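entry-v6.txt follows; it contains compact mmCIF, C-alpha atoms.
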# COMPACT_ATOMS: atom_id res chain seq x y z
CA GLY A 97 -4.55 8.22 -14.29
CA ASP A 98 -1.49 6.93 -12.51
CA SER A 99 -0.70 3.23 -12.73
CA VAL A 100 2.08 0.81 -11.94
CA THR A 101 2.85 -2.60 -13.47
CA GLN A 102 4.86 -5.20 -11.57
CA LYS A 103 5.07 -8.51 -13.42
CA GLN A 104 7.38 -10.65 -11.30
CA GLY A 105 4.98 -12.43 -9.01
CA GLN A 106 7.48 -14.62 -7.25
CA VAL A 107 11.25 -14.75 -6.97
CA THR A 108 13.20 -17.50 -5.24
CA LEU A 109 16.87 -16.95 -4.43
CA SER A 110 19.58 -18.38 -2.25
CA GLU A 111 21.41 -16.34 0.37
CA ASP A 112 24.03 -13.97 -1.09
CA ASP A 113 22.29 -13.97 -4.50
CA PHE A 114 21.65 -10.70 -6.35
CA LEU A 115 18.10 -9.36 -6.31
CA PHE A 116 16.54 -7.30 -9.08
CA ILE A 117 12.84 -6.41 -9.27
CA ASN A 118 11.49 -4.16 -11.97
CA CYS A 119 8.33 -2.08 -12.37
CA THR A 120 7.00 0.21 -15.06
CA TYR A 121 4.77 3.18 -14.47
CA SER A 122 2.45 5.58 -16.21
CA THR A 123 1.70 9.10 -15.00
CA THR A 124 1.09 12.59 -16.26
CA THR A 125 2.74 14.15 -13.22
CA TYR A 126 6.22 14.28 -11.77
CA PRO A 127 6.10 11.21 -9.61
CA THR A 128 7.73 9.93 -6.50
CA LEU A 129 8.43 6.24 -6.90
CA LEU A 130 8.33 4.09 -3.80
CA TRP A 131 9.18 0.57 -2.72
CA TYR A 132 7.26 -1.00 0.16
CA VAL A 133 8.01 -4.25 1.94
CA GLN A 134 5.30 -6.34 3.59
CA TYR A 135 6.19 -9.04 6.10
CA LEU A 136 3.74 -11.75 7.00
CA GLY A 137 0.86 -10.45 9.09
CA GLN A 138 1.85 -6.81 8.81
CA GLY A 139 0.95 -3.82 6.72
CA PRO A 140 3.39 -2.55 4.09
CA GLN A 141 6.34 -0.47 5.31
CA LEU A 142 8.16 2.10 3.24
CA LEU A 143 11.56 0.77 2.19
CA LEU A 144 12.78 3.36 -0.29
CA LYS A 145 11.68 6.41 -2.20
CA VAL A 146 13.08 8.07 -5.31
CA THR A 147 11.89 11.52 -6.19
CA THR A 148 14.15 12.35 -9.11
CA ALA A 149 14.92 10.30 -12.19
CA ASN A 150 18.37 8.73 -12.25
CA ASN A 151 18.93 9.47 -8.60
CA LYS A 152 19.41 6.56 -6.28
CA GLY A 153 17.57 5.74 -3.09
CA ILE A 154 19.44 3.54 -0.61
CA SER A 155 18.23 1.81 2.53
CA ARG A 156 19.17 -1.36 4.42
CA GLY A 157 21.40 -2.53 1.56
CA PHE A 158 18.64 -2.03 -1.03
CA GLU A 159 18.99 0.44 -3.89
CA ALA A 160 16.31 1.92 -6.10
CA THR A 161 16.47 4.12 -9.17
CA TYR A 162 14.06 5.13 -11.87
CA ASP A 163 14.49 5.81 -15.56
CA LYS A 164 12.22 8.48 -16.95
CA GLY A 165 13.02 7.51 -20.54
CA THR A 166 11.75 3.95 -20.16
CA THR A 167 9.28 4.83 -17.35
CA SER A 168 10.69 2.02 -15.30
CA PHE A 169 12.06 1.73 -11.81
CA HIS A 170 13.77 -1.07 -10.07
CA LEU A 171 14.85 -2.40 -6.72
CA GLN A 172 18.10 -4.26 -6.24
CA LYS A 173 20.23 -5.74 -3.53
CA ALA A 174 23.70 -7.17 -4.02
CA SER A 175 23.42 -9.98 -1.49
CA VAL A 176 20.07 -11.11 -0.08
CA GLN A 177 19.60 -12.77 3.27
CA GLU A 178 16.91 -15.13 4.48
CA SER A 179 15.47 -12.28 6.56
CA ASP A 180 14.72 -10.38 3.34
CA SER A 181 11.98 -12.88 2.52
CA ALA A 182 8.82 -10.80 2.17
CA VAL A 183 6.55 -9.29 -0.46
CA TYR A 184 7.90 -6.19 -2.19
CA PHE A 185 5.58 -3.64 -3.77
CA CYS A 186 6.47 -0.79 -6.06
CA ALA A 187 4.21 2.25 -5.82
CA LEU A 188 3.78 5.68 -7.33
CA VAL A 189 2.65 8.98 -5.83
CA GLY A 190 1.86 11.81 -8.20
CA ASN A 191 2.96 15.32 -7.35
CA ASN A 192 -0.62 16.15 -6.46
CA ASN A 193 0.02 14.11 -3.33
CA ASN A 194 -2.61 11.50 -3.90
CA ALA A 195 -2.42 8.16 -2.16
CA PRO A 196 0.17 5.67 -3.50
CA ARG A 197 -0.82 3.38 -6.37
CA PHE A 198 0.62 -0.08 -5.89
CA GLY A 199 2.02 -2.71 -8.21
CA ALA A 200 0.96 -6.33 -7.87
CA GLY A 201 3.80 -7.28 -5.54
CA THR A 202 6.75 -9.67 -5.81
CA LYS A 203 7.04 -12.42 -3.25
CA LEU A 204 10.70 -12.96 -2.46
CA SER A 205 11.74 -16.25 -0.89
CA VAL A 206 15.37 -16.56 0.15
CA LYS A 207 16.65 -20.03 0.94
CA PRO A 208 19.41 -20.43 3.52
CA GLY B 1430 7.29 7.01 16.21
CA ALA B 1431 4.37 6.99 13.84
CA LEU B 1432 2.02 4.04 14.19
CA VAL B 1433 -1.30 3.04 12.71
CA TYR B 1434 -3.63 0.56 14.38
CA GLN B 1435 -6.56 -1.17 12.80
CA TYR B 1436 -9.50 -2.89 14.50
CA PRO B 1437 -10.58 -5.59 14.25
CA ARG B 1438 -7.69 -7.58 12.77
CA ARG B 1439 -10.02 -10.29 11.53
CA THR B 1440 -13.76 -10.42 11.13
CA ILE B 1441 -16.39 -12.68 9.64
CA CYS B 1442 -19.80 -11.55 8.51
CA LYS B 1443 -22.75 -13.15 6.82
CA SER B 1444 -23.48 -12.31 3.23
CA GLY B 1445 -25.72 -9.24 3.02
CA THR B 1446 -24.69 -7.81 6.39
CA SER B 1447 -22.37 -4.88 7.13
CA MET B 1448 -19.02 -4.57 8.80
CA ARG B 1449 -17.34 -1.49 10.29
CA MET B 1450 -13.57 -1.24 10.60
CA GLU B 1451 -11.49 1.37 12.38
CA CYS B 1452 -8.13 3.03 11.90
CA GLN B 1453 -6.20 4.86 14.62
CA ALA B 1454 -3.09 6.99 14.03
CA VAL B 1455 -0.64 7.52 16.88
CA GLY B 1456 2.39 9.81 16.95
CA PHE B 1457 1.41 12.01 14.02
CA GLN B 1458 -1.55 13.91 12.64
CA ALA B 1459 -3.45 11.85 10.09
CA THR B 1460 -4.43 14.68 7.78
CA SER B 1461 -4.98 12.25 4.97
CA VAL B 1462 -6.24 8.66 5.24
CA ALA B 1463 -6.37 6.23 2.33
CA TRP B 1464 -8.34 2.99 2.43
CA TYR B 1465 -7.28 0.05 0.28
CA ARG B 1466 -8.54 -3.46 -0.35
CA GLN B 1467 -6.32 -6.40 -1.20
CA SER B 1468 -8.47 -9.15 -2.65
CA PRO B 1469 -7.11 -12.70 -2.94
CA GLN B 1470 -4.38 -12.85 -5.60
CA LYS B 1471 -4.57 -9.11 -6.21
CA THR B 1472 -2.68 -5.99 -5.29
CA PHE B 1473 -3.85 -3.14 -3.08
CA GLU B 1474 -6.74 -1.37 -4.77
CA LEU B 1475 -7.32 2.19 -3.61
CA ILE B 1476 -10.90 2.60 -2.40
CA ALA B 1477 -10.90 6.22 -1.36
CA LEU B 1478 -8.78 9.05 -0.04
CA SER B 1479 -10.05 11.14 2.83
CA THR B 1480 -8.46 14.48 3.72
CA VAL B 1481 -9.65 16.41 6.76
CA ASN B 1482 -11.78 19.40 5.74
CA SER B 1483 -12.12 18.12 2.18
CA ALA B 1484 -14.56 15.86 0.39
CA ILE B 1485 -13.72 12.16 0.36
CA LYS B 1486 -12.54 11.09 -3.06
CA TYR B 1487 -13.65 7.62 -4.16
CA GLU B 1488 -11.97 5.64 -6.90
CA GLN B 1489 -13.80 4.20 -9.85
CA ASN B 1490 -15.67 1.02 -8.88
CA PHE B 1491 -16.00 2.14 -5.26
CA THR B 1492 -18.83 4.31 -3.94
CA GLN B 1493 -19.80 6.10 -0.77
CA GLU B 1494 -23.05 4.14 -0.78
CA LYS B 1495 -21.12 0.89 -0.46
CA PHE B 1496 -18.07 2.02 1.54
CA PRO B 1497 -19.04 5.01 3.70
CA ILE B 1498 -16.01 6.58 5.40
CA SER B 1499 -15.79 8.79 8.47
CA HIS B 1500 -12.69 10.88 9.24
CA PRO B 1501 -13.77 13.10 12.15
CA ASN B 1502 -10.37 14.15 13.48
CA LEU B 1503 -6.61 13.89 12.94
CA SER B 1504 -6.22 10.52 14.62
CA PHE B 1505 -9.21 8.40 13.62
CA SER B 1506 -11.02 7.09 10.58
CA SER B 1507 -13.55 4.35 10.02
CA MET B 1508 -14.98 2.62 7.00
CA THR B 1509 -18.03 0.38 6.72
CA VAL B 1510 -18.55 -2.31 4.12
CA LEU B 1511 -22.29 -2.26 3.57
CA ASN B 1512 -24.20 -5.28 2.36
CA ALA B 1513 -21.07 -7.39 2.08
CA TYR B 1514 -20.86 -10.19 -0.45
CA LEU B 1515 -18.24 -12.74 -1.41
CA GLU B 1516 -16.40 -10.34 -3.73
CA ASP B 1517 -15.84 -7.97 -0.79
CA ARG B 1518 -13.63 -10.39 1.10
CA GLY B 1519 -9.99 -9.50 1.48
CA LEU B 1520 -7.55 -7.47 3.53
CA TYR B 1521 -8.57 -3.84 4.11
CA LEU B 1522 -5.68 -1.51 4.76
CA CYS B 1523 -5.65 1.97 6.15
CA GLY B 1524 -2.73 4.24 5.25
CA ALA B 1525 -2.33 7.67 6.84
CA ARG B 1526 0.04 10.59 6.47
CA ASP B 1527 0.36 14.10 7.79
CA LEU B 1528 -0.03 17.30 5.82
CA TRP B 1529 3.54 17.58 4.58
CA GLY B 1530 4.63 13.97 4.50
CA TYR B 1531 4.89 11.77 1.46
CA GLU B 1532 5.19 8.57 3.48
CA GLN B 1533 1.98 6.71 4.08
CA TYR B 1534 2.03 4.78 7.37
CA PHE B 1535 0.01 1.62 7.12
CA GLY B 1536 -1.85 -0.42 9.67
CA PRO B 1537 -1.74 -4.24 9.68
CA GLY B 1538 -5.14 -4.45 8.01
CA THR B 1539 -8.57 -5.88 8.77
CA ARG B 1540 -9.16 -9.23 7.13
CA LEU B 1541 -12.79 -9.64 6.11
CA THR B 1542 -14.32 -13.03 5.45
CA VAL B 1543 -17.84 -13.18 4.06
CA LEU B 1544 -19.85 -16.37 4.53
Render the structure in this file as structure tokens.
Amino acid sequence: GDSVTQKQGQVTLSEDDFLFINCTYSTTTYPTLLWYVQYLGQGPQLLLKVTTANNKGISRGFEATYDKGTTSFHLQKASVQESDSAVYFCALVGNNNNAPRFGAGTKLSVKP
Amino acid sequence: GALVYQYPRRTICKSGTSMRMECQAVGFQATSVAWYRQSPQKTFELIALSTVNSAIKYEQNFTQEKFPISHPNLSFSSMTVLNAYLEDRGLYLCGARDLWGYEQYFGPGTRLTVL
């Protein structure tokens, strides 16, 4: 079945630092890869989606791409702000439109 | 806009008792509702996916006998945790989407504590 691995449990950065979070995935379908952000006390919100390998998703200064060859996808931002502090989850939806499968989450803390 | 509400936000139950939680979709038709559990130190585990007019599909390690789900219309779903024990504690999330959407809209979750 579909699965996602997200190994970076916690990332601490200073404002204006570069952010890079990576996930790997396994699927037998043509997936849509997603990034969700969860702020304290809230449910996860969709941040970005990428439906085609090597295409780029862009939202709120974040970029996401996925590499079919290495079955990996990543989230990056050139310059993080304190307000970006949250937990970021990668997720996968197979083309059979099942519910998203989530990675373990990366807690991002940005120091002012 | 599309919103998902969950009730209650927090609940405590005694070991061996049951707890029902609700999910309400507003601003879109919740054709499909997915229930997840986030246990302490873990990611969101998919419990089951419910699609209106289709059978509810449970994931491995989760059963209808333990987590019965109701999805009677396009705006409401509920799930009960029967005979709750310590390992059932965690944050239960409801995610819903419409027929053609890929985006799952999530509620804030119901946090279950089992004593």
Contact residues (chain B, partner chain A, 6 Å, all atoms listed in the file) as a PDB file with C-alpha atoms, in the coordinates of the input:
ATOM      1  CA  THR B1472      -2.680  -5.990  -5.290  1.00  0.00           C
ATOM      2  CA  PHE B1535       0.010   1.620   7.120  1.00  0.00           C
ATOM      3  CA  GLY B1536      -1.850  -0.420   9.670  1.00  0.00           C
ATOM      4  CA  PRO B1537      -1.740  -4.240   9.680  1.00  0.00           C
TER       5      PRO B1537
END
Distance of CA of Gly190 (chain A) from CA of Ser99 (chain A), expressed in Å to one decimal place:
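Taking CA of Ser99 (chain A) and CA of Gly190 (chain A), their separation equals 10.0 Å.
With all atoms listed in the file as the atoms that count, the residue of B:Leu1541, B:Ala1525, B:Ile1441, B:Val1433 with the shortest distance to Ser1479 (chain B) is B:Ala1525.
Neighbours of Leu204 (chain A) closer than or equal to 8 Å, with only C-alpha atoms counted and sequence neighbours fewer than 5 positions away skipped, come out as A:Gln106, A:Val107, A:Thr108, A:Leu109, A:Asp180, A:Ser181, A:Ala182, A:Val183, A:Tyr184.
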Suppose we keep C-alpha atoms; can you now write the selection as a PDB file, in the coordinates of the input?
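again.pdb, written as the output of this step:
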ATOM      1  CA  GLN A 106       7.480 -14.620  -7.250  1.00  0.00           C
ATOM      2  CA  VAL A 107      11.250 -14.750  -6.970  1.00  0.00           C
ATOM      3  CA  THR A 108      13.200 -17.500  -5.240  1.00  0.00           C
ATOM      4  CA  LEU A 109      16.870 -16.950  -4.430  1.00  0.00           C
ATOM      5  CA  ASP A 180      14.720 -10.380   3.340  1.00  0.00           C
ATOM      6  CA  SER A 181      11.980 -12.880   2.520  1.00  0.00           C
ATOM      7  CA  ALA A 182       8.820 -10.800   2.170  1.00  0.00           C
ATOM      8  CA  VAL A 183       6.550  -9.290  -0.460  1.00  0.00           C
ATOM      9  CA  TYR A 184       7.900  -6.190  -2.190  1.00  0.00           C
TER      10      TYR A 184
END
CA of Arg1466 (chain B) to CA of Asp1517 (chain B), straight-line distance in Å
8.6 Å
When you look at Leu115 (chain A) with a cut-off of 8 Å (counting all atoms listed in the file), what residues show up, excluding the ones that are within fewer than 2 positions of it in the same chain? I need them as a ChimeraX atom specification.
/A:109,113,117,171-176
Could you dump the residues just selected with C-alpha atoms as an mmCIF file, in the coordinates of the input?
data_model
loop_
_atom_site.group_PDB
_atom_site.id
_atom_site.type_symbol
_atom_site.label_atom_id
_atom_site.label_comp_id
_atom_site.auth_asym_id
_atom_site.auth_seq_id
_atom_site.Cartn_x
_atom_site.Cartn_y
_atom_site.Cartn_z
ATOM 1 C CA LEU A 109 16.870 -16.950 -4.430
ATOM 2 C CA ASP A 113 22.290 -13.970 -4.500
ATOM 3 C CA ILE A 117 12.840 -6.410 -9.270
ATOM 4 C CA LEU A 171 14.850 -2.400 -6.720
ATOM 5 C CA GLN A 172 18.100 -4.260 -6.240
ATOM 6 C CA LYS A 173 20.230 -5.740 -3.530
ATOM 7 C CA ALA A 174 23.700 -7.170 -4.020
ATOM 8 C CA SER A 175 23.420 -9.980 -1.490
ATOM 9 C CA VAL A 176 20.070 -11.110 -0.080
#
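When CA of Lys152 (chain A) is paired with CA of Gln1533 (chain B), their separation reads 20.3 Å.
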Shortest interatomic distance to Gln1435 (chain B) - which of B:Ser1447, B:Gln1458, B:Ser1507, B:Thr1480, counting all atoms listed in the file:
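Going through B:Ser1447, B:Gln1458, B:Ser1507, B:Thr1480 one by one, the smallest distance to Gln1435 (chain B) is for B:Ser1507.
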Residue with the minimum atom-to-atom distance to Tyr1521 (chain B), picked from B:Ile1476, B:Ala1459, B:Ala1454, B:Leu1432 with all atoms listed in the file counted, is B:Ile1476
Would you kindly return, as a PyMOL selection string, each protein, DNA or RNA residue with an atom no farther than 9 Å from any atom of Cys119 (chain A), considering all atoms listed in the file and excluding same-chain residues fewer than 3 positions away?
chain A and resi 100-104+167-171+186-187+199
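Among the candidates A:Leu188, A:Lys203, A:Tyr132, A:Thr120, the residue lying nearest to Lys164 (chain A) is A:Thr120 (atoms considered: all atoms listed in the file).
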Any chance you could work out the axis-aligned box around region 1483-1490 of chain B, listed atoms only, 8 Å on each side, giving centre and edge lengths in Å to one decimal, as AutoDock Vina command-line options?
--center_x -13.8 --center_y 9.6 --center_z -3.8 --size_x 19.7 --size_y 33.1 --size_z 28.0
Taking only C-alpha atoms into account, name the residue in A:Asn151, A:Thr161, A:Gln177, A:Ser122 that is nearest to Pro208 (chain A).
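Nearest to Pro208 (chain A): A:Gln177.
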